[in-house]
Structures are given as C-alpha cells and as structure tokens.
file entry-v2.cif (mmCIF, C-alpha atoms)
data_target
#
loop_
_atom_site.label_atom_id
_atom_site.label_comp_id
_atom_site.auth_asym_id
_atom_site.auth_seq_id
_atom_site.Cartn_x
_atom_site.Cartn_y
_atom_site.Cartn_z
CA MET A 263 97.22 55.27 131.34
CA THR A 264 93.46 54.85 131.67
CA ASN A 265 91.55 55.94 134.75
CA GLU A 266 91.09 52.31 135.76
CA GLU A 267 94.83 51.68 135.62
CA LEU A 268 95.46 54.85 137.58
CA LYS A 269 92.97 53.82 140.27
CA GLN A 270 94.69 50.46 140.57
CA LEU A 271 98.14 52.01 140.80
CA VAL A 272 96.96 54.46 143.45
CA THR A 273 95.55 51.70 145.63
CA GLU A 274 98.80 49.77 145.19
CA LEU A 275 100.75 52.75 146.49
CA LEU A 276 98.45 53.25 149.47
CA ALA A 277 96.09 50.44 150.35
CA GLU A 278 93.81 52.52 152.57
CA ALA A 279 93.27 55.20 149.90
CA THR A 280 89.64 55.21 148.75
CA VAL A 281 88.64 56.22 145.26
CA GLU A 282 85.64 58.54 145.08
CA ASP A 283 82.78 57.69 142.75
CA PRO A 284 82.62 60.40 140.11
CA ALA A 285 79.65 62.75 140.42
CA VAL A 286 79.20 62.53 136.66
CA PRO A 287 80.15 59.22 135.04
CA GLY A 288 82.71 59.61 132.34
CA PRO A 289 86.38 60.17 131.69
CA GLY A 290 86.81 62.79 134.41
CA TRP A 291 89.59 63.16 136.92
CA VAL A 292 90.16 60.36 139.40
CA THR A 293 89.58 61.50 142.98
CA VAL A 294 91.26 59.78 145.91
CA HIS A 295 90.65 60.21 149.63
CA VAL A 296 93.49 59.77 152.08
CA ASP A 297 93.84 60.22 155.82
CA PRO A 298 95.98 63.19 156.86
CA PRO A 299 98.76 61.10 158.53
CA ALA A 300 99.25 59.08 155.33
CA TRP A 301 99.32 62.09 153.05
CA LEU A 302 102.99 63.09 153.03
CA SER A 303 104.44 59.69 152.17
CA PHE A 304 101.65 59.10 149.66
CA ALA A 305 102.38 62.48 148.03
CA ARG A 306 106.06 61.65 147.75
CA ALA A 307 105.21 58.29 146.17
CA LEU A 308 102.92 59.97 143.64
CA ARG A 309 105.68 62.42 142.80
CA GLU A 310 108.39 59.80 142.41
CA HIS A 311 106.70 56.69 141.03
CA PRO A 312 108.03 56.25 137.47
CA ASP A 313 104.57 55.47 136.06
CA GLU A 314 102.96 58.50 137.63
CA GLN A 315 105.44 61.33 138.18
CA PHE A 316 102.91 63.86 139.36
CA ASP A 317 105.38 66.71 139.11
CA TYR A 318 102.93 69.58 138.96
CA LEU A 319 100.60 70.67 141.77
CA PHE A 320 98.25 72.97 139.91
CA CYS A 321 95.67 73.62 142.59
CA LEU A 322 95.71 73.45 146.37
CA THR A 323 92.67 74.56 148.25
CA CYS A 324 90.34 73.82 151.11
CA VAL A 325 86.57 73.45 151.47
CA ASP A 326 84.57 74.22 154.60
CA TRP A 327 81.74 71.69 154.93
CA LYS A 328 80.68 73.15 158.32
CA THR A 329 81.14 69.70 159.94
CA HIS A 330 84.73 69.32 158.75
CA LEU A 331 87.29 70.80 156.38
CA THR A 332 88.53 69.07 153.24
CA MET A 333 91.91 69.74 151.73
CA VAL A 334 91.91 69.38 147.94
CA TYR A 335 95.06 68.83 145.90
CA HIS A 336 95.01 68.78 142.11
CA LEU A 337 98.03 67.04 140.68
CA SER A 338 99.17 66.70 137.13
CA SER A 339 101.93 64.79 135.39
CA THR A 340 103.66 66.65 132.62
CA ARG A 341 105.36 63.40 131.58
CA HIS A 342 102.27 61.19 131.37
CA ARG A 343 99.69 63.90 130.70
CA GLN A 344 97.50 62.80 133.56
CA ALA A 345 95.68 64.43 136.43
CA LEU A 346 94.70 63.23 139.89
CA VAL A 347 92.67 64.82 142.66
CA VAL A 348 93.53 64.02 146.26
CA LYS A 349 91.23 64.97 149.11
CA SER A 350 91.84 64.76 152.81
CA LYS A 351 89.30 65.28 155.56
CA LEU A 352 90.42 67.45 158.48
CA ASP A 353 89.04 68.08 161.92
CA ARG A 354 87.41 71.50 161.93
CA GLU A 355 88.53 72.40 165.45
CA HIS A 356 92.17 71.45 165.00
CA PRO A 357 92.83 71.27 161.25
CA GLU A 358 96.32 69.95 160.77
CA ILE A 359 98.13 68.24 157.90
CA GLU A 360 101.68 67.75 156.67
CA SER A 361 103.00 70.41 154.33
CA VAL A 362 103.85 69.26 150.81
CA SER A 363 106.02 72.29 150.11
CA SER A 364 109.09 70.03 150.24
CA ILE A 365 107.68 68.02 147.33
CA TRP A 366 106.05 70.76 145.28
CA LYS A 367 107.61 74.14 145.98
CA THR A 368 104.49 75.93 144.72
CA ALA A 369 102.60 74.63 147.76
CA GLU A 370 104.47 77.11 149.93
CA PHE A 371 102.29 80.06 148.89
CA HIS A 372 99.13 78.00 148.47
CA GLU A 373 99.42 76.59 151.96
CA ARG A 374 99.98 80.06 153.36
CA GLU A 375 96.77 81.14 151.66
CA VAL A 376 94.80 78.17 153.02
CA TYR A 377 96.33 78.91 156.43
CA GLU A 378 95.09 82.50 156.45
CA MET A 379 91.69 81.76 154.90
CA PHE A 380 90.78 78.51 156.74
CA GLY A 381 93.24 78.25 159.61
CA VAL A 382 94.73 74.92 158.56
CA ARG A 383 98.13 74.29 160.16
CA PHE A 384 100.69 72.80 157.80
CA ASN A 385 103.34 70.87 159.70
CA GLY A 386 106.80 71.25 158.26
CA HIS A 387 106.00 74.39 156.32
CA PRO A 388 109.12 76.59 156.26
CA ASP A 389 107.36 79.93 156.69
CA LEU A 390 103.73 79.61 157.72
CA ARG A 391 102.39 83.17 158.04
CA LEU A 392 99.73 85.34 156.41
CA LEU A 393 100.06 85.68 152.67
CA ILE A 394 97.75 88.50 151.55
CA LEU A 395 95.66 89.51 154.54
CA PRO A 396 96.91 92.49 156.55
CA ASP A 397 98.79 92.02 159.80
CA GLY A 398 96.65 91.14 162.76
CA TRP A 399 94.30 88.81 160.88
CA GLU A 400 95.53 85.69 162.65
CA GLY A 401 92.74 83.77 164.30
CA LYS A 402 89.99 84.99 161.93
CA TYR A 403 89.36 82.75 158.96
CA PRO A 404 87.38 84.66 156.36
CA LEU A 405 86.55 81.75 154.05
CA ARG A 406 85.00 79.66 156.77
CA LYS A 407 81.22 79.54 156.49
CA ASP A 408 80.62 80.89 159.99
CA PHE A 409 83.02 83.83 159.64
CA GLU A 410 81.62 87.10 160.95
CA ASP A 411 83.22 90.53 160.63
CA PRO A 412 80.97 93.29 161.93
CA VAL A 413 83.32 95.99 160.66
CA ASN A 414 83.73 95.01 157.03
CA MET A 415 80.89 92.62 156.37
CA ILE A 416 77.23 93.17 155.57
CA ARG A 417 75.17 90.00 156.07
CA LEU A 418 72.54 89.16 153.49
CA MET B 41 76.37 129.84 128.31
CA ALA B 42 75.81 127.73 131.40
CA HIS B 43 75.00 124.09 130.97
CA SER B 44 72.95 122.14 133.41
CA PRO B 45 74.89 119.14 134.65
CA THR B 46 71.75 117.09 134.12
CA ALA B 47 71.43 118.15 130.48
CA GLU B 48 69.73 115.62 128.27
CA MET B 49 71.99 113.49 126.14
CA GLY B 50 70.85 114.23 122.61
CA PRO B 51 72.55 114.12 119.25
CA GLU B 52 74.05 117.50 120.12
CA ALA B 53 75.70 116.20 123.27
CA GLY B 54 79.39 116.90 123.27
CA LYS B 55 79.01 119.47 120.50
CA GLU B 56 78.41 122.54 122.63
CA LYS B 57 79.39 125.80 121.01
CA PHE B 58 82.30 127.89 122.13
CA PRO B 59 81.13 129.86 125.17
CA GLY B 60 81.08 133.41 123.82
CA GLU B 61 79.50 135.66 121.26
CA ILE B 62 80.94 137.43 118.24
CA HIS B 63 80.45 141.16 117.92
CA GLU B 64 80.90 142.21 114.33
CA THR B 65 82.98 145.35 113.91
CA PRO B 66 84.26 146.96 110.73
CA GLY B 67 87.36 145.09 109.57
CA GLY B 68 86.72 141.95 111.66
CA GLY B 69 85.02 141.01 114.86
CA VAL B 70 85.46 140.70 118.59
CA VAL B 71 84.67 137.64 120.69
CA LEU B 72 83.21 138.40 124.05
CA SER B 73 83.24 135.76 126.74
CA LYS B 74 83.98 135.10 130.37
CA LEU B 75 87.37 133.79 131.40
CA ASP B 76 85.74 131.20 133.69
CA ASP B 77 83.68 129.86 130.82
CA ILE B 78 86.70 129.62 128.53
CA ILE B 79 88.75 127.86 131.18
CA ASN B 80 85.98 125.36 131.82
CA TRP B 81 85.51 124.87 128.10
CA ALA B 82 89.19 124.20 127.64
CA ARG B 83 89.40 121.90 130.65
CA SER B 84 86.38 119.88 129.61
CA ASN B 85 87.84 119.25 126.18
CA SER B 86 91.15 117.94 127.39
CA LEU B 87 90.71 115.37 130.13
CA TRP B 88 93.45 112.81 130.35
CA PRO B 89 92.40 109.68 132.19
CA LEU B 90 94.65 107.74 134.49
CA THR B 91 95.22 104.13 133.49
CA PHE B 92 93.68 102.68 136.62
CA ALA B 93 91.72 99.45 136.43
CA THR B 94 91.24 96.84 139.13
CA SER B 95 88.97 94.32 137.41
CA CYS B 96 86.79 93.50 134.40
CA CYS B 97 85.55 97.09 133.98
CA GLY B 98 89.10 97.81 132.92
CA ILE B 99 88.58 95.68 129.82
CA GLU B 100 85.61 97.83 128.85
CA MET B 101 87.64 100.95 129.57
CA MET B 102 90.41 99.68 127.28
CA SER B 103 87.79 98.99 124.64
CA THR B 104 86.49 102.54 125.06
CA ALA B 105 90.00 103.81 124.51
CA SER B 106 90.69 101.71 121.44
CA ALA B 107 89.77 102.33 117.82
CA LYS B 108 86.16 101.18 117.82
CA TYR B 109 84.92 103.61 120.48
CA ASP B 110 87.92 105.91 120.74
CA PHE B 111 87.30 108.29 123.63
CA SER B 112 90.00 110.62 122.34
CA ARG B 113 87.34 111.90 119.91
CA PHE B 114 85.83 113.66 122.91
CA GLY B 115 89.04 114.98 124.39
CA PHE B 116 90.07 112.05 126.56
CA GLU B 117 93.08 112.12 124.38
CA VAL B 118 95.58 109.80 125.90
CA ALA B 119 95.55 107.67 129.03
CA ARG B 120 98.41 108.54 131.36
CA ALA B 121 100.24 106.02 133.46
CA THR B 122 101.07 108.53 136.17
CA PRO B 123 98.60 110.42 138.34
CA ARG B 124 100.73 113.57 138.05
CA GLN B 125 99.70 113.95 134.42
CA ALA B 126 96.10 112.77 134.70
CA ASP B 127 92.96 114.88 135.05
CA VAL B 128 90.38 112.18 135.60
CA ILE B 129 90.54 108.83 137.33
CA ILE B 130 88.09 106.21 136.10
CA ILE B 131 87.68 103.74 138.94
CA ALA B 132 87.22 100.68 136.76
CA GLY B 133 86.72 97.79 139.13
CA THR B 134 86.47 96.51 142.66
CA ILE B 135 88.20 98.44 145.43
CA VAL B 136 89.29 96.16 148.24
CA ASN B 137 90.37 97.28 151.69
CA LYS B 138 94.02 96.87 150.80
CA MET B 139 93.58 98.87 147.60
CA ALA B 140 91.76 101.76 149.28
CA PRO B 141 94.90 103.54 150.58
CA VAL B 142 96.50 103.14 147.16
CA LEU B 143 93.47 104.70 145.47
CA LYS B 144 93.56 107.57 147.96
CA ARG B 145 97.24 108.13 147.33
CA LEU B 146 96.75 108.15 143.54
CA TYR B 147 93.94 110.65 143.92
CA ASP B 148 96.06 112.83 146.17
CA GLN B 149 98.91 112.75 143.66
CA MET B 150 96.72 114.03 140.84
CA ALA B 151 97.01 117.74 140.18
CA ASP B 152 93.95 119.97 140.61
CA PRO B 153 91.50 120.22 138.99
CA LYS B 154 90.79 116.52 139.13
CA TYR B 155 87.72 114.45 138.49
CA VAL B 156 86.54 110.98 139.43
CA ILE B 157 84.27 108.57 137.57
CA ALA B 158 83.00 105.49 139.40
CA MET B 159 82.62 102.90 136.69
CA GLY B 160 80.43 99.87 137.32
CA ALA B 161 78.66 98.25 140.24
CA CYS B 162 81.79 97.56 142.32
CA ALA B 163 83.01 101.14 142.25
CA ILE B 164 79.52 102.45 143.00
CA SER B 165 78.55 100.25 145.95
CA GLY B 166 80.65 97.10 146.06
CA GLY B 167 78.10 95.64 143.64
CA PRO B 168 78.18 91.86 143.58
CA PHE B 169 80.49 91.96 146.60
CA PHE B 170 78.18 94.06 148.76
CA TYR B 171 77.09 91.17 151.00
CA ASN B 172 79.09 88.56 152.86
CA THR B 173 82.56 89.73 152.03
CA TYR B 174 85.30 90.77 154.38
CA SER B 175 87.53 92.57 151.89
CA VAL B 176 85.60 94.86 149.54
CA VAL B 177 85.01 98.59 150.05
CA LYS B 178 81.27 99.19 149.65
CA GLY B 179 81.64 101.99 147.14
CA ALA B 180 84.69 103.95 146.09
CA ASP B 181 83.08 107.14 147.37
CA HIS B 182 83.97 105.97 150.86
CA VAL B 183 87.55 106.74 149.85
CA ILE B 184 87.50 109.62 147.36
CA PRO B 185 84.72 111.94 146.12
CA VAL B 186 83.04 110.82 142.90
CA ASP B 187 81.74 113.11 140.16
CA VAL B 188 79.94 110.70 137.86
CA TYR B 189 78.63 107.18 138.47
CA VAL B 190 78.12 104.70 135.63
CA ALA B 191 75.83 101.74 136.28
CA GLY B 192 76.61 98.36 134.80
CA CYS B 193 78.49 95.18 135.50
CA PRO B 194 80.53 96.04 133.59
CA PRO B 195 79.09 99.05 131.73
CA ARG B 196 79.35 98.96 127.96
CA PRO B 197 81.78 101.37 126.30
CA GLU B 198 78.83 103.51 125.20
CA ALA B 199 77.86 103.91 128.86
CA LEU B 200 81.37 104.99 129.77
CA LEU B 201 81.40 107.49 126.90
CA HIS B 202 78.07 108.80 128.20
CA ALA B 203 79.64 109.25 131.61
CA LEU B 204 82.66 111.00 130.18
CA ILE B 205 80.47 113.41 128.21
CA THR B 206 78.35 113.96 131.31
CA LEU B 207 81.53 114.88 133.16
CA GLN B 208 82.35 117.39 130.42
CA GLN B 209 78.91 118.96 130.77
CA LYS B 210 79.40 119.10 134.50
CA ILE B 211 82.72 120.87 134.10
CA ARG B 212 81.30 123.35 131.59
CA ALA B 213 78.48 124.15 133.99
CA GLY B 214 81.19 125.50 136.24
CA LEU B 215 79.63 124.40 139.50
CA THR B 216 81.33 122.89 142.49
CA ARG B 217 80.18 119.60 143.98
CA GLU B 218 78.74 121.50 146.91
CA GLN B 219 76.73 123.79 144.63
CA ILE B 220 75.36 120.82 142.70
CA ARG B 221 74.48 119.00 145.90
CA SER B 222 72.61 121.98 147.31
CA GLY B 223 70.48 122.06 144.15
CA GLN B 224 71.92 125.25 142.73
CA GLU B 225 72.10 124.38 139.07
CA THR B 226 72.62 127.74 137.39
CA LYS B 227 75.25 130.33 138.02
#

call {"tool": "encode", "arguments": {"input": "entry-v2.cif", "output": "structure tokens"}}
result
Amino acid sequence: MTNEELKQLVTELLAEATVEDPAVPGPGWVTVHVDPPAWLSFARALREHPDEQFDYLFCLTCVDWKTHLTMVYHLSSTRHRQALVVKSKLDREHPEIESVSSIWKTAEFHEREVYEMFGVRFNGHPDLRLLILPDGWEGKYPLRKDFEDPVNMIRL
Amino acid sequence: MAHSPTAEMGPEAGKEKFPGEIHETPGGGVVLSKLDDIINWARSNSLWPLTFATSCCGIEMMSTASAKYDFSRFGFEVARATPRQADVIIIAGTIVNKMAPVLKRLYDQMADPKYVIAMGACAISGGPFFYNTYSVVKGADHVIPVDVYVAGCPPRPEALLHALITLQQKIRAGLTREQIRSGQETK
C-alpha cells in the first residue's frame, strides 16, 4: 500500500483524523493526529482492519512541548510491512488518555514509563505504577522540561 | 626499589626489574629484598579485573581484554565474573543512582587488597550527564574510592592499558592512598 492509499484508509476509519505534512518530503512514515477521546476505538480499528493490521506497537513515547504534551505511537504491520505514526495532543495540567494495553500488550510497560516520566494517566491500564524510578517518585516527572531536583540535578 | 606513582610512561613502563639485588657467593648467589616489595611486586603482576561494565566504556574494556590489546600480557590475566575473586574493579560506564548501592556492594564483596579504576567521563564526573539529569551519580568516587582515573568518552584501549600499568606502578610504590594524597611519594 502506498502512503497515499494509507492516508485515505486512515481518514476513512476516522474522519476527524488529520494527516501531518511530512517535515521532509518523501516516502517517510505517515503521521496522523487524533483527539484523545477518539484514540482507543481508532487504535482498535487500525489493529483489526484487514488491510492494515497494525499488530506491532514498536514505540510509545511522549513529548513535552511546554504548552502541551504529545503522545506518540509508532505502529507497524508485520503482515503488510507498513508503518504509521499516531500523535495525540494532551492537556499539560491533566494529561489523560485511554490505555492501549488491551490492544497491544507491550504498551503496558511503555505506558508505565510514560506515566512515571511525564505523569500521563492511562485510563484502563491494569497496573499503572512506577516502572523504573524508585518508590516515592510519584508526582515528580523527570522528563518534563520544567522538572527541578535540587538534590540530584545540577542546572547548566 | 621504590617507584613513584607518577612515574613517566616510557618504553620501559611495565618492565620494572624484580625488586631485589643478587649477592654473588661461591657456588651460587643470594637474593636480598624486602618482603613488602616482593608482595607488592607479586600483587601488581596479578590483578584480576571484575567484569563490570555499565555502558559503552565496557565495549572498550572488552576490546582491551581481547586478542588485539590483550591486557593479560600485563598481568590482568582473566576477568572474573564474581567480586570474590577479583582484585580490581574497572568502573566502565555511567553509574546511576539505582546502580550506586550495587556498585558499593560489589566493592564491599571484593577481598582486600582491592583497587578501583574509574574509566571514562561518566565514572569520573558523570561526564555528559553532569548537567540536567536526575539519575546519574556525578562521579563514581562519591560511592567508592578510586585509585586511577582514565579520561575519555570512551577511552581507547591504549588509555585503559596506560591506566592499568599506572595502577601497577602505584601498587609497587607501596604507598597508601592517604600517603599519596599527603604528597609523601617515597618510602
């Protein structure tokens, strides 16, 4: 499937999904923006649609843009040899989105990591607690741009 | 023969003579030496490193151990996977806050006499992770005492060999850390 066909299919699945213009023109990955409430059903459709079958979530991360957070999901289809990037803009004060761990099991750990590093709450996650950080780190989000830690950190 | 721990690295480095002198007597000879010097000489020529690597410096350490550089030529014979059998720990990589207690425990489990080499920028000061990080220990010497520091990111195998030979010279000099720190360089 070409990128153009993929873009069309994605907009058929979710009409309000917007396709991002690539930063560098060329045969790169297609990037789609969705609103957080639409994400879970859209994710399930991507996973199950026979022409897409995005069965492999190979990257799940978050970006702090200071004004808002952006969740980034990298999906890949082992059947159709295709990749898709999905982004979702979150409110920085109350970042909240549906967990996709029921669709891609691997998201369970990734979402725990995003939770401890950025403080995003994943609704429906079976076990949302710190992954690597030591106990007592709740409420401090070290990968946010404004994170301060006078004990461990030296500011440049 | 006492060696200064800051001895120049020349072509004779690592080739120090046996610490003693031969007194010729009819029918043979007698070697005279000091037990301390012989012990230090023996220790310095058999230093087994612990296989401890936390990041990319470990790759250079493995290279130093393998055929091309081969630190066993200098007495670093065989890397041990248990601290109980190791004499020197080469801190090859970043030490994070969660790793620090593990490093301390490994050091404590090593039998005396034991030596520490801080390999690379991370082990020396936190290096590239000195600023703006919540998780990295700013120098392994906050956790355990270090004998020799090797600069680099990561240091080349030659630099690590230099550090290992420097450690040997330090051991042969027979001084404690405190004596070296106070500037007392000869016995």

call {"tool": "residues_around", "arguments": {"input": "entry-v2.cif", "residues": "Thr280 of chain A", "least_positions_apart": "2", "cutoff": "7 Å", "atoms": "only C-alpha atoms", "output": "compact mmCIF listing (two decimals) with C-alpha atoms, in the frame of the given file"}}
result
# COMPACT_ATOMS: atom_id res chain seq x y z
CA GLU A 278 93.81 52.52 152.57
CA GLU A 282 85.64 58.54 145.08
CA VAL A 294 91.26 59.78 145.91
CA HIS A 295 90.65 60.21 149.63
CA VAL A 296 93.49 59.77 152.08

call {"tool": "closest_residue", "arguments": {"input": "entry-v2.cif", "among": "A:Met379, A:Asp313, A:Val286, A:Gly401", "to": "Arg343 of chain A", "atoms": "all atoms listed in the file"}}
result
A:Asp313

call {"tool": "residues_around", "arguments": {"input": "entry-v2.cif", "residues": "Leu204 of chain B", "least_positions_apart": "6", "cutoff": "9 Å", "atoms": "only C-alpha atoms", "output": "PDB file with C-alpha atoms, in the frame of the given file"}}
result
ATOM      1  CA  PHE B 111      87.300 108.290 123.630  1.00  0.00           C
ATOM      2  CA  PHE B 114      85.830 113.660 122.910  1.00  0.00           C
ATOM      3  CA  PHE B 116      90.070 112.050 126.560  1.00  0.00           C
ATOM      4  CA  ILE B 157      84.270 108.570 137.570  1.00  0.00           C
ATOM      5  CA  VAL B 188      79.940 110.700 137.860  1.00  0.00           C
TER       6      VAL B 188
END

call {"tool": "residues_near_point", "arguments": {"input": "entry-v2.cif", "point": "(101.0, 107.7, 128.9)", "cutoff": "10 Å", "atoms": "all atoms listed in the file", "output": "VMD selection string"}}
result
chain B and resid 88 to 91 118 to 122 125 to 126

call {"tool": "residues_around", "arguments": {"input": "entry-v2.cif", "residues": "Pro404 of chain A", "least_positions_apart": "2", "cutoff": "10 Å", "atoms": "all atoms listed in the file", "output": "list of chain:residue names"}}
result
A:Glu378, A:Met379, A:Phe380, A:Gly381, A:Leu395, A:Trp399, A:Gly401, A:Lys402, A:Arg406, A:Lys407, A:Asp408, A:Phe409, A:Glu410, A:Asp411, B:Asn172, B:Thr173, B:Tyr174, B:Ser175

call {"tool": "residues_near_point", "arguments": {"input": "entry-v2.cif", "point": "(92.2, 108.6, 139.7)", "cutoff": "7 Å", "atoms": "all atoms listed in the file", "output": "PDB file with C-alpha atoms, keeping the file's coordinate frame"}}
result
ATOM      1  CA  LEU B  90      94.650 107.740 134.490  1.00  0.00           C
ATOM      2  CA  PHE B  92      93.680 102.680 136.620  1.00  0.00           C
ATOM      3  CA  PRO B 123      98.600 110.420 138.340  1.00  0.00           C
ATOM      4  CA  VAL B 128      90.380 112.180 135.600  1.00  0.00           C
ATOM      5  CA  ILE B 129      90.540 108.830 137.330  1.00  0.00           C
ATOM      6  CA  ILE B 130      88.090 106.210 136.100  1.00  0.00           C
ATOM      7  CA  ILE B 131      87.680 103.740 138.940  1.00  0.00           C
ATOM      8  CA  LEU B 146      96.750 108.150 143.540  1.00  0.00           C
ATOM      9  CA  TYR B 147      93.940 110.650 143.920  1.00  0.00           C
ATOM     10  CA  VAL B 156      86.540 110.980 139.430  1.00  0.00           C
TER      11      VAL B 156
END

call {"tool": "resolve_selection", "arguments": {"input": "entry-v2.cif", "expression": "the PyMOL selection byres ((chain A and resi 299-304) around 8)", "output": "short mmCIF file (atom, residue, chain, number, x, y, z; two decimals) with C-alpha atoms, in the frame of the given file"}}
result
data_model
loop_
_atom_site.label_atom_id
_atom_site.label_comp_id
_atom_site.auth_asym_id
_atom_site.auth_seq_id
_atom_site.Cartn_x
_atom_site.Cartn_y
_atom_site.Cartn_z
CA LEU A 275 100.75 52.75 146.49
CA LEU A 276 98.45 53.25 149.47
CA VAL A 296 93.49 59.77 152.08
CA ASP A 297 93.84 60.22 155.82
CA PRO A 298 95.98 63.19 156.86
CA ALA A 305 102.38 62.48 148.03
CA ARG A 306 106.06 61.65 147.75
CA ALA A 307 105.21 58.29 146.17
CA LEU A 308 102.92 59.97 143.64
CA SER A 350 91.84 64.76 152.81
CA ILE A 359 98.13 68.24 157.90
CA GLU A 360 101.68 67.75 156.67
CA SER A 361 103.00 70.41 154.33
CA VAL A 362 103.85 69.26 150.81
#

call {"tool": "resolve_selection", "arguments": {"input": "entry-v2.cif", "expression": "the PyMOL selection byres ((chain A and resi 370) around 12)", "output": "ChimeraX atom specification"}}
result
/A:319,321-322,360-369,371-377,384-393

call {"tool": "interface_residues", "arguments": {"input": "entry-v2.cif", "of": "chain A", "to": "chain B", "cutoff": "7 Å", "atoms": "only C-alpha atoms", "output": "PyMOL selection string"}}
result
chain A and resi 404+411+414-418

call {"tool": "closest_residue", "arguments": {"input": "entry-v2.cif", "among": "B:Met159, B:Met139, B:Gly60, B:Leu201", "to": "Leu75 of chain B", "atoms": "all atoms listed in the file"}}
result
B:Gly60

call {"tool": "atom_distance", "arguments": {"input": "entry-v2.cif", "atom1": "atom CA of Ala191 of chain B", "atom2": "atom CA of Arg212 of chain B"}}
result
22.8 Å

call {"tool": "resolve_selection", "arguments": {"input": "entry-v2.cif", "expression": "the PyMOL selection byres ((chain A and resi 353) around 9)", "output": "VMD selection string"}}
result
chain A and resid 329 to 332 351 to 352 354 to 358

call {"tool": "residues_around", "arguments": {"input": "entry-v2.cif", "residues": "Arg83 of chain B", "least_positions_apart": "2", "cutoff": "12 Å", "atoms": "only C-alpha atoms", "output": "PDB file with C-alpha atoms, keeping the file's coordinate frame"}}
result
ATOM      1  CA  ASP B  76      85.740 131.200 133.690  1.00  0.00           C
ATOM      2  CA  ASP B  77      83.680 129.860 130.820  1.00  0.00           C
ATOM      3  CA  ILE B  78      86.700 129.620 128.530  1.00  0.00           C
ATOM      4  CA  ILE B  79      88.750 127.860 131.180  1.00  0.00           C
ATOM      5  CA  ASN B  80      85.980 125.360 131.820  1.00  0.00           C
ATOM      6  CA  TRP B  81      85.510 124.870 128.100  1.00  0.00           C
ATOM      7  CA  ASN B  85      87.840 119.250 126.180  1.00  0.00           C
ATOM      8  CA  SER B  86      91.150 117.940 127.390  1.00  0.00           C
ATOM      9  CA  LEU B  87      90.710 115.370 130.130  1.00  0.00           C
ATOM     10  CA  TRP B  88      93.450 112.810 130.350  1.00  0.00           C
ATOM     11  CA  PHE B 114      85.830 113.660 122.910  1.00  0.00           C
ATOM     12  CA  GLY B 115      89.040 114.980 124.390  1.00  0.00           C
ATOM     13  CA  PHE B 116      90.070 112.050 126.560  1.00  0.00           C
ATOM     14  CA  ASP B 127      92.960 114.880 135.050  1.00  0.00           C
ATOM     15  CA  VAL B 128      90.380 112.180 135.600  1.00  0.00           C
ATOM     16  CA  ASP B 152      93.950 119.970 140.610  1.00  0.00           C
ATOM     17  CA  PRO B 153      91.500 120.220 138.990  1.00  0.00           C
ATOM     18  CA  LYS B 154      90.790 116.520 139.130  1.00  0.00           C
ATOM     19  CA  TYR B 155      87.720 114.450 138.490  1.00  0.00           C
ATOM     20  CA  LEU B 207      81.530 114.880 133.160  1.00  0.00           C
ATOM     21  CA  GLN B 208      82.350 117.390 130.420  1.00  0.00           C
ATOM     22  CA  GLN B 209      78.910 118.960 130.770  1.00  0.00           C
ATOM     23  CA  LYS B 210      79.400 119.100 134.500  1.00  0.00           C
ATOM     24  CA  ILE B 211      82.720 120.870 134.100  1.00  0.00           C
ATOM     25  CA  ARG B 212      81.300 123.350 131.590  1.00  0.00           C
ATOM     26  CA  ALA B 213      78.480 124.150 133.990  1.00  0.00           C
ATOM     27  CA  GLY B 214      81.190 125.500 136.240  1.00  0.00           C
TER      28      GLY B 214
END

call {"tool": "decode", "arguments": {"input": "entry-v2.cif", "residues": "segment 357-380 of chain A", "atoms": "C-alpha atoms", "output": "PDB file, in the first residue's frame"}}
result
ATOM      1  CA  PRO A 357      -2.810  14.644  30.792  1.00  0.00           C
ATOM      2  CA  GLU A 358      -5.156  11.737  30.306  1.00  0.00           C
ATOM      3  CA  ILE A 359      -5.675   9.193  27.538  1.00  0.00           C
ATOM      4  CA  GLU A 360      -7.069   5.696  27.114  1.00  0.00           C
ATOM      5  CA  SER A 361      -4.613   2.861  27.602  1.00  0.00           C
ATOM      6  CA  VAL A 362      -3.940   0.703  24.556  1.00  0.00           C
ATOM      7  CA  SER A 363      -2.509  -2.147  26.623  1.00  0.00           C
ATOM      8  CA  SER A 364      -5.630  -4.195  25.827  1.00  0.00           C
ATOM      9  CA  ILE A 365      -4.779  -3.959  22.120  1.00  0.00           C
ATOM     10  CA  TRP A 366      -1.002  -4.156  22.227  1.00  0.00           C
ATOM     11  CA  LYS A 367       0.212  -5.887  25.379  1.00  0.00           C
ATOM     12  CA  THR A 368       3.632  -4.238  25.058  1.00  0.00           C
ATOM     13  CA  ALA A 369       2.021  -0.885  25.860  1.00  0.00           C
ATOM     14  CA  GLU A 370       1.670  -1.976  29.469  1.00  0.00           C
ATOM     15  CA  PHE A 371       5.323  -1.265  30.308  1.00  0.00           C
ATOM     16  CA  HIS A 372       5.651   1.661  27.915  1.00  0.00           C
ATOM     17  CA  GLU A 373       2.664   3.400  29.427  1.00  0.00           C
ATOM     18  CA  ARG A 374       4.043   2.846  32.907  1.00  0.00           C
ATOM     19  CA  GLU A 375       7.260   4.514  31.769  1.00  0.00           C
ATOM     20  CA  VAL A 376       5.424   7.486  30.249  1.00  0.00           C
ATOM     21  CA  TYR A 377       3.375   7.675  33.450  1.00  0.00           C
ATOM     22  CA  GLU A 378       6.450   7.947  35.669  1.00  0.00           C
ATOM     23  CA  MET A 379       8.407  10.242  33.343  1.00  0.00           C
ATOM     24  CA  PHE A 380       5.614  12.615  32.194  1.00  0.00           C
TER      25      PHE A 380
END
